[in-house]
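Dumped structure00.tsv below, it's TSV, N, CA and C atoms:
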chain	number	residue	atom	x	y	z
L	1	MET	N	77.75	109.58	107.57
L	1	MET	CA	78.95	110.35	107.68
L	1	MET	C	79.50	110.56	106.28
L	2	THR	N	80.19	111.68	106.06
L	2	THR	CA	80.75	112.00	104.76
L	2	THR	C	82.28	112.01	104.86
L	3	VAL	N	82.93	111.37	103.87
L	3	VAL	CA	84.38	111.28	103.83
L	3	VAL	C	84.89	111.98	102.58
L	4	PRO	N	85.87	112.88	102.72
L	4	PRO	CA	86.42	113.53	101.52
L	4	PRO	C	87.29	112.56	100.73
L	5	THR	N	87.14	112.54	99.40
L	5	THR	CA	87.97	111.71	98.53
L	5	THR	C	88.42	112.57	97.35
L	6	ALA	N	89.35	112.05	96.54
L	6	ALA	CA	89.81	112.77	95.35
L	6	ALA	C	88.66	113.03	94.39
L	7	ALA	N	87.65	112.16	94.40
L	7	ALA	CA	86.50	112.29	93.51
L	7	ALA	C	85.37	113.13	94.14
L	8	GLY	N	85.63	113.70	95.30
L	8	GLY	CA	84.60	114.48	95.99
L	8	GLY	C	84.12	113.75	97.24
L	9	ALA	N	83.30	114.41	98.02
L	9	ALA	CA	82.79	113.84	99.27
L	9	ALA	C	81.90	112.64	98.98
L	10	ARG	N	82.08	111.58	99.77
L	10	ARG	CA	81.26	110.36	99.64
L	10	ARG	C	80.68	109.99	101.00
L	11	ARG	N	79.45	109.52	100.97
L	11	ARG	CA	78.84	108.98	102.21
L	11	ARG	C	79.49	107.65	102.53
L	12	ALA	N	79.68	107.38	103.82
L	12	ALA	CA	80.36	106.15	104.23
L	12	ALA	C	79.82	105.66	105.56
L	13	LEU	N	80.04	104.38	105.80
L	13	LEU	CA	79.79	103.77	107.11
L	13	LEU	C	81.11	103.80	107.86
L	14	LYS	N	81.05	104.03	109.16
L	14	LYS	CA	82.26	104.06	109.98
L	14	LYS	C	82.26	102.85	110.92
L	15	PHE	N	83.35	102.09	110.87
L	15	PHE	CA	83.54	100.96	111.76
L	15	PHE	C	84.82	101.19	112.55
L	16	THR	N	84.78	100.91	113.83
L	16	THR	CA	85.97	100.95	114.66
L	16	THR	C	86.22	99.54	115.16
L	17	VAL	N	87.43	99.04	114.89
L	17	VAL	CA	87.75	97.66	115.28
L	17	VAL	C	89.07	97.64	116.05
L	18	ARG	N	89.20	96.68	116.93
L	18	ARG	CA	90.48	96.44	117.59
L	18	ARG	C	91.33	95.49	116.75
L	19	SER	N	90.65	94.55	116.09
L	19	SER	CA	91.35	93.65	115.19
L	19	SER	C	90.36	93.11	114.15
L	20	LEU	N	90.93	92.70	113.04
L	20	LEU	CA	90.13	92.17	111.95
L	20	LEU	C	90.94	91.04	111.33
L	21	GLU	N	90.31	89.91	111.07
L	21	GLU	CA	90.97	88.79	110.41
L	21	GLU	C	90.31	88.56	109.07
L	22	ALA	N	91.13	88.33	108.05
L	22	ALA	CA	90.61	88.07	106.71
L	22	ALA	C	91.32	86.85	106.14
L	23	ARG	N	90.55	85.88	105.72
L	23	ARG	CA	91.12	84.69	105.06
L	23	ARG	C	91.11	84.92	103.56
L	24	ASP	N	92.17	84.45	102.89
L	24	ASP	CA	92.27	84.56	101.42
L	24	ASP	C	91.99	86.00	100.97
L	25	LEU	N	92.69	86.94	101.56
L	25	LEU	CA	92.47	88.37	101.31
L	25	LEU	C	92.83	88.75	99.88
L	26	ALA	N	91.99	89.54	99.25
L	26	ALA	CA	92.25	90.10	97.92
L	26	ALA	C	92.02	91.60	97.99
L	27	LEU	N	93.01	92.39	97.57
L	27	LEU	CA	92.91	93.84	97.58
L	27	LEU	C	93.05	94.36	96.16
L	28	THR	N	92.20	95.30	95.78
L	28	THR	CA	92.28	95.94	94.46
L	28	THR	C	92.29	97.44	94.68
L	29	ALA	N	93.25	98.11	94.05
L	29	ALA	CA	93.32	99.57	94.10
L	29	ALA	C	93.34	100.09	92.67
L	30	GLY	N	92.53	101.08	92.39
L	30	GLY	CA	92.45	101.63	91.04
L	30	GLY	C	91.33	100.97	90.26
L	31	GLU	N	91.26	101.33	88.98
L	31	GLU	CA	90.19	100.81	88.13
L	31	GLU	C	90.73	100.32	86.80
L	32	ARG	N	90.04	99.37	86.23
L	32	ARG	CA	90.31	98.81	84.91
L	32	ARG	C	91.79	98.53	84.69
L	33	ASP	N	92.38	99.07	83.62
L	33	ASP	CA	93.78	98.78	83.29
L	33	ASP	C	94.77	99.35	84.30
L	34	ALA	N	94.35	100.33	85.08
L	34	ALA	CA	95.23	100.95	86.06
L	34	ALA	C	95.13	100.27	87.43
L	35	ALA	N	94.35	99.21	87.55
L	35	ALA	CA	94.15	98.54	88.84
L	35	ALA	C	95.35	97.69	89.21
L	36	ILE	N	95.64	97.68	90.49
L	36	ILE	CA	96.66	96.80	91.07
L	36	ILE	C	95.91	95.82	91.96
L	37	ARG	N	96.19	94.53	91.77
L	37	ARG	CA	95.50	93.50	92.55
L	37	ARG	C	96.52	92.70	93.35
L	38	LEU	N	96.31	92.64	94.65
L	38	LEU	CA	97.16	91.86	95.53
L	38	LEU	C	96.33	90.76	96.17
L	39	ARG	N	96.93	89.59	96.31
L	39	ARG	CA	96.27	88.45	96.96
L	39	ARG	C	97.23	87.83	97.95
L	40	THR	N	96.66	87.27	99.00
L	40	THR	CA	97.48	86.50	99.93
L	40	THR	C	97.44	85.04	99.52
L	41	GLY	N	98.29	84.24	100.13
L	41	GLY	CA	98.34	82.82	99.81
L	41	GLY	C	97.04	82.12	100.17
L	42	PRO	N	96.76	81.02	99.47
L	42	PRO	CA	95.52	80.28	99.75
L	42	PRO	C	95.49	79.80	101.20
L	43	THR	N	94.34	79.88	101.78
L	43	THR	CA	94.05	79.46	103.16
L	43	THR	C	94.86	80.20	104.21
L	44	THR	N	95.41	81.38	103.89
L	44	THR	CA	96.13	82.16	104.88
L	44	THR	C	95.17	83.14	105.56
L	45	THR	N	95.56	83.59	106.73
L	45	THR	CA	94.77	84.58	107.46
L	45	THR	C	95.62	85.83	107.63
L	46	SER	N	95.11	86.96	107.16
L	46	SER	CA	95.76	88.25	107.35
L	46	SER	C	95.11	88.94	108.53
L	47	THR	N	95.88	89.74	109.25
L	47	THR	CA	95.32	90.43	110.40
L	47	THR	C	95.59	91.92	110.31
L	48	LEU	N	94.62	92.69	110.76
L	48	LEU	CA	94.74	94.14	110.90
L	48	LEU	C	94.46	94.42	112.36
L	49	LYS	N	95.46	94.95	113.07
L	49	LYS	CA	95.30	95.20	114.50
L	49	LYS	C	95.58	96.65	114.82
L	50	GLY	N	94.82	97.16	115.78
L	50	GLY	CA	95.01	98.52	116.24
L	50	GLY	C	96.35	98.68	116.92
L	51	GLU	N	96.81	99.92	116.99
L	51	GLU	CA	98.09	100.21	117.63
L	51	GLU	C	97.92	101.41	118.55
L	52	GLY	N	98.90	101.64	119.37
L	52	GLY	CA	98.87	102.79	120.25
L	52	GLY	C	98.03	102.55	121.49
L	53	SER	N	97.81	103.62	122.25
L	53	SER	CA	97.12	103.49	123.54
L	53	SER	C	95.66	103.09	123.39
L	54	GLU	N	95.01	103.54	122.31
L	54	GLU	CA	93.61	103.16	122.11
L	54	GLU	C	93.49	101.82	121.41
L	55	GLY	N	94.48	101.45	120.61
L	55	GLY	CA	94.50	100.14	119.96
L	55	GLY	C	93.35	99.89	119.01
L	56	VAL	N	92.94	100.91	118.25
L	56	VAL	CA	91.83	100.72	117.33
L	56	VAL	C	92.21	101.11	115.90
L	57	VAL	N	91.45	100.58	114.97
L	57	VAL	CA	91.55	100.92	113.56
L	57	VAL	C	90.18	101.48	113.17
L	58	THR	N	90.17	102.58	112.45
L	58	THR	CA	88.92	103.16	111.97
L	58	THR	C	88.82	102.90	110.48
L	59	LEU	N	87.72	102.30	110.06
L	59	LEU	CA	87.47	101.99	108.66
L	59	LEU	C	86.25	102.75	108.18
L	60	TYR	N	86.36	103.35	107.02
L	60	TYR	CA	85.23	104.00	106.36
L	60	TYR	C	84.96	103.22	105.08
L	61	VAL	N	83.74	102.72	104.93
L	61	VAL	CA	83.42	101.88	103.77
L	61	VAL	C	82.15	102.36	103.09
L	62	ARG	N	82.08	102.10	101.77
L	62	ARG	CA	80.87	102.43	101.00
L	62	ARG	C	79.84	101.32	101.16
L	63	THR	N	80.29	100.07	101.06
L	63	THR	CA	79.38	98.93	101.25
L	63	THR	C	80.10	97.80	101.96
L	64	LEU	N	79.34	97.00	102.65
L	64	LEU	CA	79.81	95.78	103.30
L	64	LEU	C	78.76	94.72	103.03
L	65	SER	N	79.16	93.65	102.35
L	65	SER	CA	78.25	92.54	102.06
L	65	SER	C	78.82	91.26	102.64
L	66	GLY	N	77.97	90.39	103.09
L	66	GLY	CA	78.41	89.10	103.60
L	66	GLY	C	77.30	88.43	104.37
L	67	THR	N	77.66	87.39	105.08
L	67	THR	CA	76.71	86.65	105.90
L	67	THR	C	77.05	86.88	107.37
L	68	VAL	N	76.12	87.41	108.13
L	68	VAL	CA	76.32	87.62	109.56
L	68	VAL	C	76.08	86.29	110.26
L	69	THR	N	77.10	85.82	110.98
L	69	THR	CA	76.99	84.53	111.67
L	69	THR	C	76.90	84.67	113.18
L	70	ALA	N	77.29	85.84	113.71
L	70	ALA	CA	77.19	86.06	115.15
L	70	ALA	C	77.05	87.55	115.42
L	71	LEU	N	76.32	87.87	116.46
L	71	LEU	CA	76.09	89.25	116.87
L	71	LEU	C	76.33	89.34	118.36
L	72	GLY	N	77.25	90.20	118.77
L	72	GLY	CA	77.58	90.33	120.19
L	72	GLY	C	78.19	89.06	120.75
L	73	GLY	N	78.85	88.28	119.90
L	73	GLY	CA	79.48	87.04	120.34
L	73	GLY	C	78.53	85.86	120.39
L	74	THR	N	77.25	86.07	120.11
L	74	THR	CA	76.25	84.99	120.13
L	74	THR	C	75.97	84.52	118.71
L	75	PRO	N	76.17	83.23	118.45
L	75	PRO	CA	75.87	82.71	117.10
L	75	PRO	C	74.41	82.94	116.74
L	76	LEU	N	74.17	83.24	115.48
L	76	LEU	CA	72.81	83.44	114.99
L	76	LEU	C	72.33	82.18	114.27
L	77	PRO	N	71.06	81.86	114.41
L	77	PRO	CA	70.53	80.70	113.68
L	77	PRO	C	70.39	81.03	112.19
L	78	GLY	N	70.72	80.08	111.35
L	78	GLY	CA	70.54	80.26	109.91
L	78	GLY	C	71.47	81.30	109.33
L	79	ASN	N	71.41	81.45	108.04
L	79	ASN	CA	72.22	82.44	107.35
L	79	ASN	C	71.51	83.78	107.33
L	80	ARG	N	72.25	84.82	107.50
L	80	ARG	CA	71.71	86.18	107.42
L	80	ARG	C	72.54	86.98	106.42
L	81	PRO	N	72.31	86.74	105.12
L	81	PRO	CA	73.05	87.54	104.12
L	81	PRO	C	72.58	88.98	104.20
L	82	VAL	N	73.54	89.90	104.11
L	82	VAL	CA	73.20	91.31	104.26
L	82	VAL	C	74.16	92.15	103.42
L	83	THR	N	73.64	93.23	102.89
L	83	THR	CA	74.45	94.27	102.27
L	83	THR	C	74.13	95.57	102.99
L	84	ILE	N	75.17	96.19	103.53
L	84	ILE	CA	75.01	97.41	104.30
L	84	ILE	C	75.66	98.55	103.54
L	85	SER	N	74.98	99.67	103.47
L	85	SER	CA	75.52	100.89	102.88
L	85	SER	C	75.00	102.05	103.72
L	86	PRO	N	75.51	103.26	103.51
L	86	PRO	CA	74.98	104.39	104.28
L	86	PRO	C	73.47	104.59	104.09
L	87	GLU	N	72.96	104.18	102.93
L	87	GLU	CA	71.54	104.33	102.65
L	87	GLU	C	70.71	103.15	103.13
L	88	SER	N	71.36	102.05	103.52
L	88	SER	CA	70.62	100.83	103.82
L	88	SER	C	71.28	100.03	104.95
L	89	VAL	N	70.86	100.30	106.18
L	89	VAL	CA	71.33	99.54	107.33
L	89	VAL	C	70.12	98.81	107.91
L	90	PRO	N	70.15	97.47	107.94
L	90	PRO	CA	69.01	96.73	108.49
L	90	PRO	C	68.71	97.13	109.93
L	91	ALA	N	67.46	97.23	110.27
L	91	ALA	CA	67.05	97.65	111.62
L	91	ALA	C	67.66	96.76	112.69
L	92	TRP	N	67.74	95.44	112.44
L	92	TRP	CA	68.27	94.54	113.46
L	92	TRP	C	69.78	94.69	113.65
L	93	LEU	N	70.43	95.45	112.75
L	93	LEU	CA	71.87	95.65	112.84
L	93	LEU	C	72.23	97.08	113.22
L	94	ALA	N	71.23	97.97	113.23
L	94	ALA	CA	71.48	99.38	113.56
L	94	ALA	C	71.98	99.50	114.99
L	95	PRO	N	72.86	100.48	115.23
L	95	PRO	CA	73.36	100.66	116.59
L	95	PRO	C	72.22	100.92	117.57
L	96	ALA	N	72.25	100.17	118.65
L	96	ALA	CA	71.21	100.33	119.67
L	96	ALA	C	71.84	100.31	121.05
L	97	GLY	N	72.86	101.13	121.24
L	97	GLY	CA	73.53	101.14	122.53
L	97	GLY	C	75.02	100.99	122.36
L	98	PRO	N	75.66	100.25	123.29
L	98	PRO	CA	77.11	100.14	123.24
L	98	PRO	C	77.59	99.34	122.01
L	99	ALA	N	78.85	99.53	121.68
L	99	ALA	CA	79.43	98.80	120.55
L	99	ALA	C	79.34	97.30	120.79
L	100	ARG	N	79.24	96.55	119.70
L	100	ARG	CA	79.18	95.09	119.82
L	100	ARG	C	79.95	94.46	118.68
L	101	THR	N	80.27	93.21	118.87
L	101	THR	CA	81.01	92.47	117.86
L	101	THR	C	80.05	91.88	116.84
L	102	ILE	N	80.38	92.04	115.57
L	102	ILE	CA	79.60	91.46	114.48
L	102	ILE	C	80.54	90.56	113.70
L	103	THR	N	80.16	89.29	113.52
L	103	THR	CA	81.00	88.33	112.80
L	103	THR	C	80.40	88.06	111.43
L	104	PHE	N	81.20	88.29	110.40
L	104	PHE	CA	80.80	88.05	109.01
L	104	PHE	C	81.60	86.91	108.42
L	105	THR	N	81.00	86.17	107.49
L	105	THR	CA	81.74	85.26	106.63
L	105	THR	C	81.50	85.71	105.19
L	106	ASP	N	82.41	85.33	104.31
L	106	ASP	CA	82.30	85.68	102.89
L	106	ASP	C	82.03	87.16	102.69
L	107	ALA	N	82.75	87.99	103.43
L	107	ALA	CA	82.52	89.44	103.38
L	107	ALA	C	83.26	90.08	102.21
L	108	THR	N	82.62	91.06	101.61
L	108	THR	CA	83.21	91.89	100.58
L	108	THR	C	83.00	93.34	100.99
L	109	VAL	N	84.06	94.13	100.93
L	109	VAL	CA	84.01	95.52	101.38
L	109	VAL	C	84.47	96.44	100.26
L	110	SER	N	83.78	97.56	100.10
L	110	SER	CA	84.23	98.63	99.21
L	110	SER	C	84.74	99.75	100.10
L	111	PRO	N	86.05	99.73	100.39
L	111	PRO	CA	86.59	100.70	101.35
L	111	PRO	C	86.81	102.08	100.75
L	112	LEU	N	86.76	103.08	101.60
L	112	LEU	CA	87.11	104.45	101.22
L	112	LEU	C	88.40	104.88	101.92
L	113	ALA	N	88.53	104.54	103.21
L	113	ALA	CA	89.71	104.96	103.96
L	113	ALA	C	89.91	104.08	105.18
L	114	GLN	N	91.16	104.03	105.63
L	114	GLN	CA	91.52	103.32	106.86
L	114	GLN	C	92.51	104.19	107.62
L	115	TYR	N	92.30	104.29	108.93
L	115	TYR	CA	93.20	105.06	109.76
L	115	TYR	C	93.68	104.20	110.91
L	116	GLY	N	95.00	104.13	111.08
L	116	GLY	CA	95.60	103.39	112.17
L	116	GLY	C	95.75	101.92	111.85
L	117	GLY	N	96.48	101.25	112.70
L	117	GLY	CA	96.61	99.81	112.62
L	117	GLY	C	97.82	99.31	111.86
L	118	ASN	N	98.11	98.05	112.09
L	118	ASN	CA	99.18	97.33	111.41
L	118	ASN	C	98.58	96.16	110.67
L	119	LEU	N	98.88	96.04	109.38
L	119	LEU	CA	98.37	94.94	108.56
L	119	LEU	C	99.47	93.92	108.38
L	120	SER	N	99.17	92.67	108.70
L	120	SER	CA	100.11	91.57	108.54
L	120	SER	C	99.57	90.62	107.48
L	121	LEU	N	100.34	90.43	106.40
L	121	LEU	CA	99.93	89.59	105.27
L	121	LEU	C	100.88	88.42	105.12
L	122	THR	N	100.35	87.26	104.72
L	122	THR	CA	101.17	86.08	104.49
L	122	THR	C	101.02	85.62	103.05
L	123	GLY	N	102.14	85.34	102.40
L	123	GLY	CA	102.09	84.80	101.03
L	123	GLY	C	101.56	85.78	100.02
L	124	LEU	N	101.94	87.05	100.14
L	124	LEU	CA	101.44	88.10	99.26
L	124	LEU	C	101.96	87.93	97.83
L	125	ARG	N	101.05	88.12	96.84
L	125	ARG	CA	101.45	88.05	95.43
L	125	ARG	C	100.68	89.10	94.64
L	126	LEU	N	101.27	89.55	93.57
L	126	LEU	CA	100.67	90.54	92.68
L	126	LEU	C	99.96	89.80	91.55
L	127	ASP	N	98.66	90.05	91.37
L	127	ASP	CA	97.91	89.45	90.28
L	127	ASP	C	97.88	90.41	89.11
L	128	SER	N	97.84	89.85	87.91
L	128	SER	CA	97.75	90.72	86.73
L	128	SER	C	96.31	90.89	86.32
Rewritten as structure tokens:
Amino acid sequence: MTVPTAAGARRALKFTVRSLEARDLALTAGERDAAIRLRTGPTTTSTLKGEGSEGVVTLYVRTLSGTVTALGGTPLPGNRPVTISPESVPAWLAPAGPARTITFTDATVSPLAQYGGNLSLTGLRLDS
């Protein structure tokens, strides 16, 4: 899928979630000296939840890296480190029917856009 950005159209992965939890969340917007960095308090959990009648959040990302620990609610044996991009989706993770839950740990995302939802942050601070 292609998402329009100020820098031109970019390929992206589309994820639809009802809720997302992030521990020790760090957000960066901008680049180099113009970047703004926000962090939540240590060991806090931030939540992003869908709103409205459909109750979903749509995320468009360039890359998603982390360790998959469960697929469809079933824990997976061993570690499955993965980096997903529009050009590289592992066959075992490719959509093969109805939507399913994927659980990541130590995830890092390069987001392009987010639509919908309410973000709740605890212990927010601005990093220099």
Problem - Within 6 Å of Ala12 in chain L using only C-alpha atoms, minus same-chain residues under 4 positions, as a list in words - result: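 Near Ala12 in chain L, the qualifying residues are Met1, Thr2, Tyr60, Val61, Arg62 and Pro86 of chain L.
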Practice task
Write out as a list of chain:residue names the residues lying within 7 Å of Asn79 in chain L, counting all atoms listed in the file and excluding same-chain residues fewer than 2 positions away.
Solution key: L:Thr67, L:Val68, L:Thr69, L:Leu76, L:Pro77, L:Pro81
Practice task
Please indicate the distance in Å from CA of Leu48 in chain L to atom N of Arg10 in chain L, rounded to one decimal place.
Solution key: 24.3 Å
Problem - Close residues, Arg18 in chain L itself excluded, 10 Å, only C-alpha atoms, min 2 positions apart in chain, as a ChimeraX atom specification - result: /L:16,20,48-51,54-58,117
Problem - Option closest in space to Gln114 in chain L, from L:Leu64, L:Leu126, L:Val17, L:Ala6 [counting only C-alpha atoms] - result: L:Val17
Output range 109-120 of chain L as a PDB file, keeping the file's coordinate frame, making sure all heavy atoms are there.
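Saved as selection35.pdb:
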ATOM      1  N   VAL L 109      84.060  94.130 100.930  1.00  0.00           N
ATOM      2  CA  VAL L 109      84.010  95.520 101.380  1.00  0.00           C
ATOM      3  C   VAL L 109      84.470  96.440 100.260  1.00  0.00           C
ATOM      4  O   VAL L 109      85.417  96.140  99.556  1.00  0.00           O
ATOM      5  CB  VAL L 109      84.918  95.719 102.611  1.00  0.00           C
ATOM      6  CG1 VAL L 109      84.937  97.158 103.053  1.00  0.00           C
ATOM      7  CG2 VAL L 109      84.491  94.820 103.748  1.00  0.00           C
ATOM      8  N   SER L 110      83.780  97.560 100.100  1.00  0.00           N
ATOM      9  CA  SER L 110      84.230  98.630  99.210  1.00  0.00           C
ATOM     10  C   SER L 110      84.740  99.750 100.100  1.00  0.00           C
ATOM     11  O   SER L 110      83.970 100.581 100.585  1.00  0.00           O
ATOM     12  CB  SER L 110      83.082  99.157  98.345  1.00  0.00           C
ATOM     13  OG  SER L 110      82.655  98.170  97.458  1.00  0.00           O
ATOM     14  N   PRO L 111      86.050  99.730 100.390  1.00  0.00           N
ATOM     15  CA  PRO L 111      86.590 100.700 101.350  1.00  0.00           C
ATOM     16  C   PRO L 111      86.810 102.080 100.750  1.00  0.00           C
ATOM     17  O   PRO L 111      87.031 102.223  99.552  1.00  0.00           O
ATOM     18  CB  PRO L 111      87.925 100.074 101.758  1.00  0.00           C
ATOM     19  CG  PRO L 111      88.342  99.297 100.557  1.00  0.00           C
ATOM     20  CD  PRO L 111      87.069  98.808  99.910  1.00  0.00           C
ATOM     21  N   LEU L 112      86.760 103.080 101.600  1.00  0.00           N
ATOM     22  CA  LEU L 112      87.110 104.450 101.220  1.00  0.00           C
ATOM     23  C   LEU L 112      88.400 104.880 101.920  1.00  0.00           C
ATOM     24  O   LEU L 112      89.244 105.505 101.313  1.00  0.00           O
ATOM     25  CB  LEU L 112      86.001 105.429 101.605  1.00  0.00           C
ATOM     26  CG  LEU L 112      84.774 105.445 100.723  1.00  0.00           C
ATOM     27  CD1 LEU L 112      83.718 106.367 101.307  1.00  0.00           C
ATOM     28  CD2 LEU L 112      85.126 105.888  99.324  1.00  0.00           C
ATOM     29  N   ALA L 113      88.530 104.540 103.210  1.00  0.00           N
ATOM     30  CA  ALA L 113      89.710 104.960 103.960  1.00  0.00           C
ATOM     31  C   ALA L 113      89.910 104.080 105.180  1.00  0.00           C
ATOM     32  O   ALA L 113      88.969 103.471 105.680  1.00  0.00           O
ATOM     33  CB  ALA L 113      89.556 106.416 104.385  1.00  0.00           C
ATOM     34  N   GLN L 114      91.160 104.030 105.630  1.00  0.00           N
ATOM     35  CA  GLN L 114      91.520 103.320 106.860  1.00  0.00           C
ATOM     36  C   GLN L 114      92.510 104.190 107.620  1.00  0.00           C
ATOM     37  O   GLN L 114      93.422 104.764 107.028  1.00  0.00           O
ATOM     38  CB  GLN L 114      92.180 101.989 106.524  1.00  0.00           C
ATOM     39  CG  GLN L 114      92.814 101.324 107.733  1.00  0.00           C
ATOM     40  CD  GLN L 114      93.953 100.402 107.364  1.00  0.00           C
ATOM     41  OE1 GLN L 114      93.894  99.728 106.359  1.00  0.00           O
ATOM     42  NE2 GLN L 114      94.984 100.385 108.177  1.00  0.00           N
ATOM     43  N   TYR L 115      92.300 104.290 108.930  1.00  0.00           N
ATOM     44  CA  TYR L 115      93.200 105.060 109.760  1.00  0.00           C
ATOM     45  C   TYR L 115      93.680 104.200 110.910  1.00  0.00           C
ATOM     46  O   TYR L 115      92.889 103.612 111.625  1.00  0.00           O
ATOM     47  CB  TYR L 115      92.505 106.319 110.299  1.00  0.00           C
ATOM     48  CG  TYR L 115      92.084 107.246 109.194  1.00  0.00           C
ATOM     49  CD1 TYR L 115      90.785 107.204 108.699  1.00  0.00           C
ATOM     50  CD2 TYR L 115      92.983 108.127 108.624  1.00  0.00           C
ATOM     51  CE1 TYR L 115      90.397 108.043 107.663  1.00  0.00           C
ATOM     52  CE2 TYR L 115      92.607 108.960 107.587  1.00  0.00           C
ATOM     53  CZ  TYR L 115      91.310 108.913 107.114  1.00  0.00           C
ATOM     54  OH  TYR L 115      90.934 109.733 106.087  1.00  0.00           O
ATOM     55  N   GLY L 116      95.000 104.130 111.080  1.00  0.00           N
ATOM     56  CA  GLY L 116      95.600 103.390 112.170  1.00  0.00           C
ATOM     57  C   GLY L 116      95.750 101.920 111.850  1.00  0.00           C
ATOM     58  O   GLY L 116      95.258 101.415 110.852  1.00  0.00           O
ATOM     59  N   GLY L 117      96.480 101.250 112.700  1.00  0.00           N
ATOM     60  CA  GLY L 117      96.610  99.810 112.620  1.00  0.00           C
ATOM     61  C   GLY L 117      97.820  99.310 111.860  1.00  0.00           C
ATOM     62  O   GLY L 117      98.482 100.042 111.137  1.00  0.00           O
ATOM     63  N   ASN L 118      98.110  98.050 112.090  1.00  0.00           N
ATOM     64  CA  ASN L 118      99.180  97.330 111.410  1.00  0.00           C
ATOM     65  C   ASN L 118      98.580  96.160 110.670  1.00  0.00           C
ATOM     66  O   ASN L 118      97.854  95.359 111.264  1.00  0.00           O
ATOM     67  CB  ASN L 118     100.218  96.824 112.413  1.00  0.00           C
ATOM     68  CG  ASN L 118     100.973  97.958 113.068  1.00  0.00           C
ATOM     69  OD1 ASN L 118     101.479  98.835 112.389  1.00  0.00           O
ATOM     70  ND2 ASN L 118     101.031  97.944 114.389  1.00  0.00           N
ATOM     71  N   LEU L 119      98.880  96.040 109.380  1.00  0.00           N
ATOM     72  CA  LEU L 119      98.370  94.940 108.560  1.00  0.00           C
ATOM     73  C   LEU L 119      99.470  93.920 108.380  1.00  0.00           C
ATOM     74  O   LEU L 119     100.587  94.247 107.975  1.00  0.00           O
ATOM     75  CB  LEU L 119      97.916  95.476 107.201  1.00  0.00           C
ATOM     76  CG  LEU L 119      97.372  94.454 106.204  1.00  0.00           C
ATOM     77  CD1 LEU L 119      96.148  93.735 106.763  1.00  0.00           C
ATOM     78  CD2 LEU L 119      97.049  95.139 104.881  1.00  0.00           C
ATOM     79  N   SER L 120      99.170  92.670 108.700  1.00  0.00           N
ATOM     80  CA  SER L 120     100.110  91.570 108.540  1.00  0.00           C
ATOM     81  C   SER L 120      99.570  90.620 107.480  1.00  0.00           C
ATOM     82  O   SER L 120      98.459  90.085 107.622  1.00  0.00           O
ATOM     83  CB  SER L 120     100.262  90.823 109.878  1.00  0.00           C
ATOM     84  OG  SER L 120     101.040  89.673 109.707  1.00  0.00           O
TER      85      SER L 120
END
